[in-house]
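Student: Input: one structure, supplied below.
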Amino acid sequence: MNLTPLAHSTELDIFQEVSEHEQVVFCNDNVSGLKAIIAIHDTTLGPALGGCRMYPYESTKEALDDVLRLSRGMTQKCAAADVDFGGGKAVIIGDPEKDKSADLFRAFGQFVESLNGRFYTGTDMGTTMDDFIHSLKETHCIVGVPKSYGGSGDSSVPTAEGVMNSLRAVNHVAFERSTLAGKTYAIQGLGKVGVKVALQLLEEGGDLFISDLQQTPIDQVRKRGMELGRSVQVVNGDDIYAVPADVFVPCARGALLHDESISSLKVKAIAGSANNQLKEERHGQTLHRKGILYAPDYIVNGGGLIQVADELYGGNEERVLAKTNAIYDALTEVFKQSELHNISTVDAANRMCERRIEERKKRNSFFTNRLRPKWNIRN
């Protein structure tokens with residue numbers, strides 16, 4: 001594995017790079033081959049919570065940029081979901097198809113444990129629940145593991161449900177109807193969440209354009225579409241941006257909404273589970289000017305976060321369902337504020353999160369400073 005060093009990696013440059021974050025930990029274990037970065041962005045609302053992704057980054061700089069961006073987004077996501085946690089994230093540098101081992105995830109668990117309850121983590125892109133069974137042997141600060149190990153199970157289920165609630169909110173505003181039937185959805189990515197969303201949309205009477213690198217989920221969705229008599233058209237790569245759909249549903253990697261892709265869009269609305277969909281913050285304003293209703297991703301994909309956060313209180317399916325259903329109300333309020341103040345939905349959502357964090361600085365101080373050391377979910 002070849003990793004290029006951080007450009008101009010003097011002490012001052014690194015501190016400038018991470019100036020918005022409370023703590024960034026570089027993790028290296030020569031025995032297992034682990035190379036990882038943990039970023040804690042903000043713990044105002046409580047201990048940092050965020051998944052761990054594994055990806056073959058081309059450089060350490062690329063990995064650092066990704067974990068800083070993702071952890072910053074988790075602060076907003078936790079505030080939007082109204083959970084008592086702050087933003088954090090971890091990345092493991094490596095190919096998830098080739099570089100995984102039990103020792104690697106045990107080593108990662110040791111680094112998480114060294115943070116003494118400041119950071120809780122679990123699955124993300126490139127990692128699975130089974131990977132973190134090994135981490136559990138070294139730390140209690142793991143969430144989203146199988147139910148047989150005391151966890152709440154597959155977090156993609158509530159994440160997909162949150163996307164469905166978001167699509168209903170989007171349809172209510174964009175098409176003056178909360179039902180999903182009779183509309184066409186362009187789904188980019190049929191991973192753990194995307195395939196669930198696709199199948200549910202077919203069940204509720206939607207037609208689809210789909211795009212994915214893997215043939216198996218494509219075949220699964222096409223077969224179900226035929227059974228239900230719904231249209232499912234397969235699109236290659238970036239052609240998904242230009243299809244004549246009603247709603248674009250991005251469920252793959254982030255930074256996909258940029259000048260070029262936005263100029264190709266023919267949809268009236270966007271709502272999907274992909275993290276950090278806007279390549280730059282200004283693209284939220286671009287969508288607003290173009291008249292495309294954008295559902296901020298960190299609200300849309302909050303279902304998984306809600307489940308793993310609830311797991312730390314003991315786990316209750318009814319609680320998770322109620323909070324996931326509230327994503328509809330949160331988005332409806334964001335859309336209302338966007339129209340009322342003639343600002344982008346991104347600005348409206350950010351204002352809501354900033355206000356919530358500011359209001360709770362004092363309220364959560366007792367929890368954060370006095371109770372957090374007692375949080376040990378599997379003592």
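Residues are referred to by chain and number: the chain letter is A, B, ... according to the order shown in the structure tokens, the number counts from 1 in that chain, and ligands are numbered separately from 1 in the order shown.
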So that I can see what lies close to segment 228-243 of chain A, please list as a VMD selection string the residues with an atom at most 12 Å from it, counting only C-alpha atoms and leaving out residues fewer than 5 positions away in the same chain.
Tutor: chain A and resid 181 to 190 198 to 215 217 to 223 248 to 250 252 256 to 268 270
Student: Give the strand (DSSP E) residues of segment 268-371 of chain A, as DSSP finds them on the backbone, and put them as a VMD selection string.
Tutor: chain A and resid 269 to 270 293 to 294
Student: So that I can check the secondary structure, give me every residue of segment 125-367 of chain A assigned helix (DSSP H, G or I) by backbone DSSP, as a count of residues only.
Tutor: 131
Student: Residues at most 8 Å from Glu161 of chain A, counting only C-alpha atoms, excluding those fewer than 3 positions away in the same chain, as a count of residues only?
Tutor: 7
Student: Rounded to one decimal place, report the atom CA of Leu115 of chain A-atom CA of Ser156 of chain A distance in Å.
Tutor: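 Distance between the two atoms: 26.6 Å.
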Student: Near segment 170-172 of chain A, within 7 Å and counting only C-alpha atoms, which residues show up once chain neighbours fewer than 5 positions away are dropped, as a ChimeraX atom specification?
Tutor: /A:177-178,269
